[in-house]
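**Student:** Sharing structure33.cif here; it has mmCIF, C-alpha atoms.
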data_protein
loop_
_atom_site.label_atom_id
_atom_site.label_comp_id
_atom_site.auth_asym_id
_atom_site.auth_seq_id
_atom_site.Cartn_x
_atom_site.Cartn_y
_atom_site.Cartn_z
CA MET A 21 -2.85 239.07 133.99
CA LEU A 22 -5.60 239.67 136.53
CA LYS A 23 -6.64 236.79 138.78
CA GLN A 24 -9.85 236.90 140.80
CA VAL A 25 -9.36 235.93 144.45
CA ALA A 26 -12.74 237.04 145.82
CA GLU A 27 -15.89 238.71 144.54
CA GLY A 28 -14.84 242.10 143.19
CA VAL A 29 -11.17 241.59 144.15
CA HIS A 30 -8.35 240.68 141.76
CA ILE A 31 -4.58 240.50 141.98
CA HIS A 32 -1.83 241.11 139.45
CA GLN A 33 1.35 239.29 140.51
CA SER A 34 4.84 240.48 139.58
CA GLU A 35 7.74 238.12 138.95
CA PHE A 36 9.74 240.07 141.55
CA LEU A 37 9.26 238.25 144.86
CA GLN A 38 5.70 237.34 143.85
CA SER A 39 4.62 240.93 144.56
CA ASN A 40 0.84 241.35 144.57
CA ALA A 41 -0.97 244.39 143.22
CA ILE A 42 -4.58 244.40 144.42
CA VAL A 43 -7.57 245.63 142.43
CA VAL A 44 -10.87 246.23 144.26
CA GLN A 45 -13.95 246.96 142.19
CA GLY A 46 -16.11 249.92 143.22
CA GLN A 47 -19.17 251.67 141.82
CA THR A 48 -17.41 253.81 139.22
CA GLY A 49 -13.98 252.23 138.99
CA VAL A 50 -11.32 250.44 141.03
CA LEU A 51 -9.15 250.96 144.07
CA LEU A 52 -5.56 250.03 143.24
CA ILE A 53 -3.42 248.93 146.20
CA ASP A 54 0.39 248.65 145.86
CA PRO A 55 0.15 248.66 142.06
CA GLY A 56 3.26 246.91 140.83
CA ILE A 57 6.96 246.81 140.18
CA THR A 58 8.18 247.32 136.61
CA GLY A 59 6.90 249.88 134.16
CA ASP A 60 5.82 247.19 131.71
CA GLU A 61 3.88 245.28 134.38
CA MET A 62 2.02 248.39 135.46
CA ALA A 63 1.27 249.31 131.85
CA ASP A 64 -0.12 245.81 131.27
CA LEU A 65 -2.29 246.17 134.38
CA ALA A 66 -3.55 249.55 133.17
CA ASN A 67 -4.39 248.03 129.78
CA ASP A 68 -6.26 245.14 131.43
CA LEU A 69 -8.33 247.60 133.45
CA HIS A 70 -9.01 249.71 130.36
CA GLN A 71 -10.27 246.67 128.46
CA LEU A 72 -12.60 245.90 131.36
CA GLY A 73 -13.86 249.50 131.35
CA GLN A 74 -12.61 250.01 134.91
CA PRO A 75 -10.77 253.30 135.51
CA VAL A 76 -8.63 253.72 138.61
CA VAL A 77 -10.56 256.00 140.98
CA ALA A 78 -8.25 255.68 144.02
CA GLY A 79 -4.89 254.27 145.00
CA PHE A 80 -3.38 253.18 148.30
CA SER A 81 0.14 252.40 149.47
CA THR A 82 0.33 250.08 152.45
CA HIS A 83 3.74 251.34 153.58
CA PRO A 84 6.67 253.57 152.57
CA HIS A 85 8.98 251.06 150.88
CA TRP A 86 9.95 251.63 147.25
CA ASP A 87 8.05 248.63 145.85
CA HIS A 88 4.77 249.94 147.29
CA LEU A 89 5.12 253.55 146.10
CA LEU A 90 5.22 253.12 142.34
CA TRP A 91 2.67 254.40 139.83
CA HIS A 92 2.14 254.62 136.08
CA ALA A 93 0.75 257.50 134.05
CA LYS A 94 -1.76 255.12 132.45
CA PHE A 95 -3.45 254.72 135.82
CA GLY A 96 -4.51 258.37 135.59
CA GLU A 97 -4.61 261.06 138.24
CA ALA A 98 -6.71 259.37 140.89
CA PRO A 99 -5.98 260.33 144.51
CA ARG A 100 -3.39 258.05 146.12
CA TYR A 101 -3.64 257.54 149.86
CA SER A 102 -1.72 256.09 152.79
CA THR A 103 -1.62 256.55 156.54
CA ALA A 104 -0.36 259.91 157.74
CA ARG A 105 2.81 258.41 159.18
CA CYS A 106 3.58 256.54 155.97
CA ALA A 107 3.13 259.70 153.89
CA ALA A 108 5.34 261.70 156.25
CA ASP A 109 8.09 259.11 155.97
CA ILE A 110 8.18 259.17 152.18
CA ARG A 111 7.79 262.96 152.09
CA ASP A 112 10.95 263.29 154.19
CA LEU A 113 12.78 261.11 151.68
CA LEU A 114 11.56 263.00 148.63
CA LEU A 115 12.70 266.31 150.14
CA GLN A 116 16.29 265.09 149.97
CA ALA A 117 18.15 266.09 146.81
CA ASP A 118 19.61 262.59 146.37
CA TRP A 119 16.40 260.64 147.02
CA LYS A 120 16.56 258.94 143.64
CA THR A 121 20.10 257.73 144.32
CA GLN A 122 19.05 256.42 147.72
CA VAL A 123 16.13 254.48 146.25
CA THR A 124 18.17 253.17 143.32
CA GLU A 125 20.60 251.59 145.77
CA MET A 126 17.72 249.49 147.16
CA LEU A 127 16.51 248.18 143.79
CA PRO A 128 17.26 244.66 142.56
CA PRO A 129 20.10 245.15 140.05
CA ASP A 130 18.66 242.81 137.42
CA ILE A 131 15.49 244.89 136.98
CA SER A 132 16.51 248.33 138.28
CA ASP A 133 16.36 249.87 134.80
CA GLN A 134 12.76 248.68 134.45
CA ILE A 135 11.49 250.37 137.62
CA PRO A 136 10.18 253.93 137.04
CA LEU A 137 11.58 256.41 139.56
CA ASP A 138 9.84 259.40 138.05
CA ASP A 139 7.70 262.30 139.28
CA LEU A 140 4.88 259.89 140.16
CA PHE A 141 6.95 257.96 142.68
CA GLY A 142 5.68 258.35 146.24
CA GLN A 143 3.09 261.01 145.43
CA ILE A 144 0.67 259.93 148.12
CA THR A 145 -1.64 261.82 150.46
CA GLY A 146 -1.64 260.88 154.11
CA LEU A 147 -5.11 260.39 155.55
CA PRO A 148 -5.85 262.07 158.89
CA ALA A 149 -4.59 260.01 161.81
CA GLU A 150 -8.09 259.13 163.01
CA THR A 151 -9.18 257.77 159.62
CA THR A 152 -10.29 254.13 159.82
CA GLN A 153 -11.57 253.63 156.25
CA ILE A 154 -10.30 254.45 152.77
CA PRO A 155 -12.45 257.26 151.32
CA TRP A 156 -13.87 255.98 148.03
CA ASP A 157 -17.13 254.81 146.48
CA GLY A 158 -16.51 251.07 146.71
CA PRO A 159 -16.76 248.41 149.42
CA GLN A 160 -15.76 249.43 152.93
CA VAL A 161 -12.01 249.04 153.39
CA ARG A 162 -10.90 249.22 157.02
CA ILE A 163 -7.42 250.55 157.82
CA ILE A 164 -5.58 248.68 160.57
CA GLU A 165 -2.49 250.77 161.23
CA HIS A 166 0.55 249.41 163.05
CA GLN A 167 4.32 249.87 163.13
CA ALA A 168 5.50 246.41 162.07
CA HIS A 169 7.89 246.31 159.10
CA ALA A 170 7.69 250.05 158.37
CA PRO A 171 6.41 253.32 159.88
CA GLY A 172 2.66 253.73 159.46
CA HIS A 173 2.16 250.33 157.86
CA ALA A 174 -1.49 249.64 157.03
CA THR A 175 -3.09 246.24 156.81
CA LEU A 176 -6.48 246.51 155.12
CA LEU A 177 -9.70 244.56 155.67
CA ILE A 178 -12.18 244.61 152.80
CA LYS A 179 -15.44 243.97 154.60
CA LYS A 180 -17.24 242.57 151.54
CA GLY A 181 -15.83 239.10 151.03
CA GLY A 182 -13.63 239.23 154.13
CA VAL A 183 -10.41 239.98 152.24
CA LEU A 184 -7.33 240.88 154.28
CA VAL A 185 -4.68 242.84 152.39
CA ALA A 186 -1.74 242.17 154.67
CA GLY A 187 0.90 244.42 153.14
CA ASP A 188 4.30 242.93 153.91
CA LEU A 189 3.03 240.70 156.72
CA LEU A 190 1.75 237.10 156.64
CA SER A 191 3.87 235.98 153.68
CA ASP A 192 4.26 232.29 152.96
CA ILE A 193 7.63 232.91 151.25
CA LEU A 194 9.30 235.62 153.38
CA ILE A 195 10.16 235.82 157.07
CA PRO A 196 9.08 238.95 158.97
CA PHE A 197 11.33 241.88 158.04
CA LEU A 198 11.66 244.15 161.06
CA GLU A 199 11.74 247.95 161.27
CA LEU A 200 15.09 247.87 163.05
CA ASP A 201 15.17 251.63 163.63
CA ALA A 202 12.21 251.26 166.01
CA VAL A 203 12.72 251.23 169.77
CA ASP A 204 11.33 247.71 170.09
CA PRO A 205 10.84 246.17 166.62
CA ILE A 206 9.85 242.71 167.82
CA LYS A 207 7.21 244.11 170.16
CA ASP A 208 5.87 246.30 167.33
CA TYR A 209 5.56 243.26 165.08
CA LEU A 210 3.89 241.10 167.72
CA THR A 211 1.42 243.91 168.41
CA ALA A 212 0.57 244.05 164.70
CA LEU A 213 -0.01 240.30 164.59
CA GLN A 214 -2.37 240.62 167.55
CA LEU A 215 -4.34 243.37 165.78
CA ILE A 216 -4.72 241.09 162.78
CA GLU A 217 -5.65 238.12 164.94
CA ASP A 218 -8.40 240.23 166.50
CA VAL A 219 -10.17 240.37 163.11
CA ALA A 220 -9.20 236.88 161.91
CA ASP A 221 -12.72 235.51 162.34
CA ASP A 222 -13.90 237.95 159.66
CA VAL A 223 -11.23 236.95 157.12
CA LYS A 224 -11.89 234.50 154.31
CA VAL A 225 -8.97 235.44 152.03
CA VAL A 226 -5.51 236.78 152.90
CA ILE A 227 -3.36 238.56 150.31
CA PRO A 228 0.26 239.15 151.35
CA GLY A 229 2.41 241.79 149.69
CA HIS A 230 4.67 238.96 148.51
CA GLY A 231 3.65 235.34 148.13
CA SER A 232 0.58 233.19 147.68
CA VAL A 233 -3.00 234.12 148.42
CA GLY A 234 -4.41 232.03 151.26
CA GLY A 235 -7.84 230.96 152.42
CA ALA A 236 -9.47 231.39 155.81
CA GLU A 237 -7.53 228.47 157.26
CA GLN A 238 -4.25 230.17 156.36
CA VAL A 239 -4.80 233.38 158.32
CA ARG A 240 -4.14 232.05 161.81
CA ALA A 241 -1.53 229.61 160.52
CA ARG A 242 0.50 232.47 159.05
CA ILE A 243 0.06 234.58 162.17
CA GLU A 244 1.41 231.71 164.26
CA GLN A 245 4.32 231.10 161.89
CA ASP A 246 5.35 234.76 162.01
CA ARG A 247 4.88 234.87 165.79
CA ALA A 248 7.01 231.75 166.27
CA TYR A 249 9.78 233.21 164.12
CA LEU A 250 9.78 236.47 166.07
CA GLN A 251 9.87 234.76 169.45
CA SER A 252 12.71 232.54 168.31
CA LEU A 253 14.57 235.50 166.80
CA ARG A 254 14.27 237.33 170.12
CA ASP A 255 16.01 234.40 171.77
CA GLY A 256 18.79 234.22 169.18
CA GLY A 257 17.18 231.57 166.94
CA GLY A 258 14.82 231.54 163.99
CA SER A 259 17.16 229.91 161.49
CA ASP A 260 14.92 226.82 161.30
CA ASP A 261 12.02 228.72 159.71
CA PRO A 262 11.14 226.71 156.56
CA ARG A 263 10.78 229.85 154.48
CA LEU A 264 14.55 230.35 154.70
CA LEU A 265 15.13 227.13 152.77
CA ALA A 266 12.62 227.64 149.98
CA PRO A 267 14.26 227.41 146.51
CA LEU A 268 13.30 230.99 145.70
CA ASN A 269 15.00 232.32 148.84
CA LYS A 270 17.83 230.03 149.90
CA ASP A 271 20.56 232.14 148.27
CA TRP A 272 19.67 235.40 150.00
CA LEU A 273 16.99 235.19 152.69
CA PRO A 274 19.20 233.46 155.30
CA GLY A 275 21.48 236.48 155.00
CA VAL A 276 18.57 238.78 155.89
CA HIS A 277 17.79 236.60 158.90
CA ASN A 278 21.43 236.67 160.06
CA TRP A 279 21.60 240.44 159.63
CA GLN A 280 18.42 240.98 161.64
CA SER A 281 19.72 238.70 164.37
CA GLN A 282 23.02 240.57 164.51
CA GLN A 283 21.34 243.98 164.62
CA LEU A 284 19.08 242.91 167.49
CA ALA A 285 22.05 241.48 169.38
CA GLN A 286 23.96 244.74 168.98
CA THR A 287 20.96 246.72 170.21
CA ARG A 288 20.64 244.51 173.28
CA ALA A 289 24.34 244.81 174.00
CA HIS A 290 24.22 248.58 173.63
CA ASN A 291 21.21 248.93 175.92
CA GLY A 292 22.53 246.43 178.40
CA THR A 293 19.09 244.78 178.81
CA PRO A 294 17.18 242.05 177.02
CA GLU A 295 14.76 243.19 174.36
CA THR A 296 11.26 243.37 175.74
CA LEU A 297 8.43 241.20 174.55
CA SER A 298 4.78 242.08 174.37
CA ALA A 299 2.18 240.36 176.49
CA GLU A 300 1.28 238.15 173.53
CA GLY A 301 4.73 236.50 173.75
#
Spell out the structure here as structure tokens.
**Tutor:**
Amino acid sequence: MLKQVAEGVHIHQSEFLQSNAIVVQGQTGVLLIDPGITGDEMADLANDLHQLGQPVVAGFSTHPHWDHLLWHAKFGEAPRYSTARCAADIRDLLLQADWKTQVTEMLPPDISDQIPLDDLFGQITGLPAETTQIPWDGPQVRIIEHQAHAPGHATLLIKKGGVLVAGDLLSDILIPFLELDAVDPIKDYLTALQLIEDVADDVKVVIPGHGSVGGAEQVRARIEQDRAYLQSLRDGGGSDDPRLLAPLNKDWLPGVHNWQSQQLAQTRAHNGTPETLSAEG
């Protein structure tokens, strides 16, 4: 079911980790961002759009993780975009003969048979590196690229209405998940938060990839919560973040926190130096 969160902007929320698909209305149809999780959910979304007379004219994936690369035939053959680095990352995966096995291992077991890993998975076109806006006939959508959480992650700012599509940042239910293969994952994440903070005055609505939609007052609050977690994690803490104790997460999210903490500690021990922190820390 579509829910309006701003003028011309709707979300469709999945039961899986409160995943948000974003629908932005344009002149001749809609831009569909991170469209959903299960096949049935995406089919329902396609049917809702059909009933509204709104074809999908463009798609966008905020980053190269499986739950942001899905598509359904009912959405049609609209061009699907991402940053160049994001597209390169998923292209490298799809070139591997066992890519489907690799992705299947990441899926939640209770719904894995409902998630379509077909020929439409990950079929995205990377925009040229200098591109700062999504090319389509609707409201201006600014691309803010960074390396937090995943290579070539894009946070999007819809100028009309001041809507920030945060991708997998600024969640009220999940702690920051780091790209631990990066040279300095905490610095990358802090840099991304600073880029978002630089446009915070223009934001009236924030839509995380997972969690609740927030108003203008939530933007800086979520930035500060993520920043505090990262700074504490750098120093070996972070276990007091309230999101770790939420009923939805308490059985598994503390394990993610502990794993991240262990991986960072091993990296520091291997390098023999403390992990660096950006100027914002």
**Student:** Please evaluate the PyMOL selection byres ((chain A and resi 152) around 12) against the displayed coordinates and give the resulting residues as an NGL selection string.
**Tutor:** :A and (102-104 or 147-151 or 153-155 or 160-165 or 174-178)
**Student:** Quick one: apply the PyMOL selection byres ((chain A and resi 166) around 12) to the file and drop the selected residues here as JSON, numbers by chain.
**Tutor:** {"A": [82, 83, 103, 104, 105, 106, 149, 163, 164, 165, 167, 168, 169, 170, 171, 172, 173, 174, 175, 176, 186, 187, 188, 189, 199, 205, 207, 208, 209, 210, 211, 212, 213, 214, 215, 216]}
**Student:** Gly56 of chain A: which residues within 10 Å, counting all atoms listed in the file, same-chain residues fewer than 3 positions away excluded, as JSON, numbers by chain?
**Tutor:** {"A": [32, 33, 34, 36, 39, 40, 41, 42, 52, 53, 59, 60, 61, 62, 63, 65, 87, 88, 89, 90, 91, 92, 135]}
**Student:** Distance atom CA of Gln47 of chain A-atom CA of His30 of chain A, one decimal place?
**Tutor:**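 Atom-to-atom, atom CA of Gln47 of chain A to atom CA of His30 of chain A, that is 15.4 Å.
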**Student:** Step by step, work through what the PyMOL selection byres ((chain A and resi 181) around 10) selects in the shown file, and finish by giving those residues as a PyMOL selection string.
**Tutor:** chain A and resi 25-29+159+177-180+182-184+222-225
**Student:** Hey, can you check how far atom CA of Leu140 of chain A sits from atom CA of Gly73 of chain A?
**Tutor:**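 If I compute the distance from atom CA of Leu140 of chain A to atom CA of Gly73 of chain A, I get 23.2 Å.
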**Student:** Can you work out the spacing between atom CA of Leu37 of chain A and atom CA of Ile193 of chain A in Å, to one decimal?
**Tutor:**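 It comes out at 8.5 Å.
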**Student:** Closest to Arg111 of chain A among A:Gln143, A:Ser132, A:Thr287, A:Ser81, using only C-alpha atoms?
**Tutor:**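 Ranked by minimum distance to Arg111 of chain A, first place goes to A:Gln143.
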**Student:** Given all atoms listed in the file as the basis, pick out the residue of A:Asp157, A:Asp68, A:Asp54, A:Asp255 nearest to Ile144 of chain A.
**Tutor:**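 Of the candidates, the smallest distance to Ile144 of chain A is held by A:Asp54.
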**Student:** Using only C-alpha atoms, which of A:Leu268, A:Val76, A:Val239, A:Leu198 sits nearest Ile227 of chain A?
**Tutor:**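 Closest residue, counting only C-alpha atoms: A:Val239.
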**Student:** Select, from A:Met126, A:Val219, A:Val77, A:Leu22, the residue with the minimum atom-to-atom distance to Gly46 of chain A, counting all atoms listed in the file.
**Tutor:**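 Looking at the shortest contact to Gly46 of chain A, the residue is A:Val77.
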**Student:** Check the smallest atom-to-atom distance from each of A:Thr121, A:Asn67, A:Gln134, A:Asn269 to Lys94 of chain A using all atoms listed in the file, then report the winner.
**Tutor:**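 Of the candidates, the smallest distance to Lys94 of chain A is held by A:Asn67.
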**Student:** Find the residue from A:Pro136, A:Gly79, A:Gly142, A:Gly256 that sits nearest to Leu114 of chain A; use all atoms listed in the file when measuring.
**Tutor:**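 Residue with the minimum atom-to-atom distance to Leu114 of chain A: A:Gly142.
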**Student:** Find the residues around Gly158 of chain A up to 9 Å (only C-alpha atoms counted), leave out those fewer than 4 positions away in its own chain, and share them as a count of residues only.
**Tutor:** 8
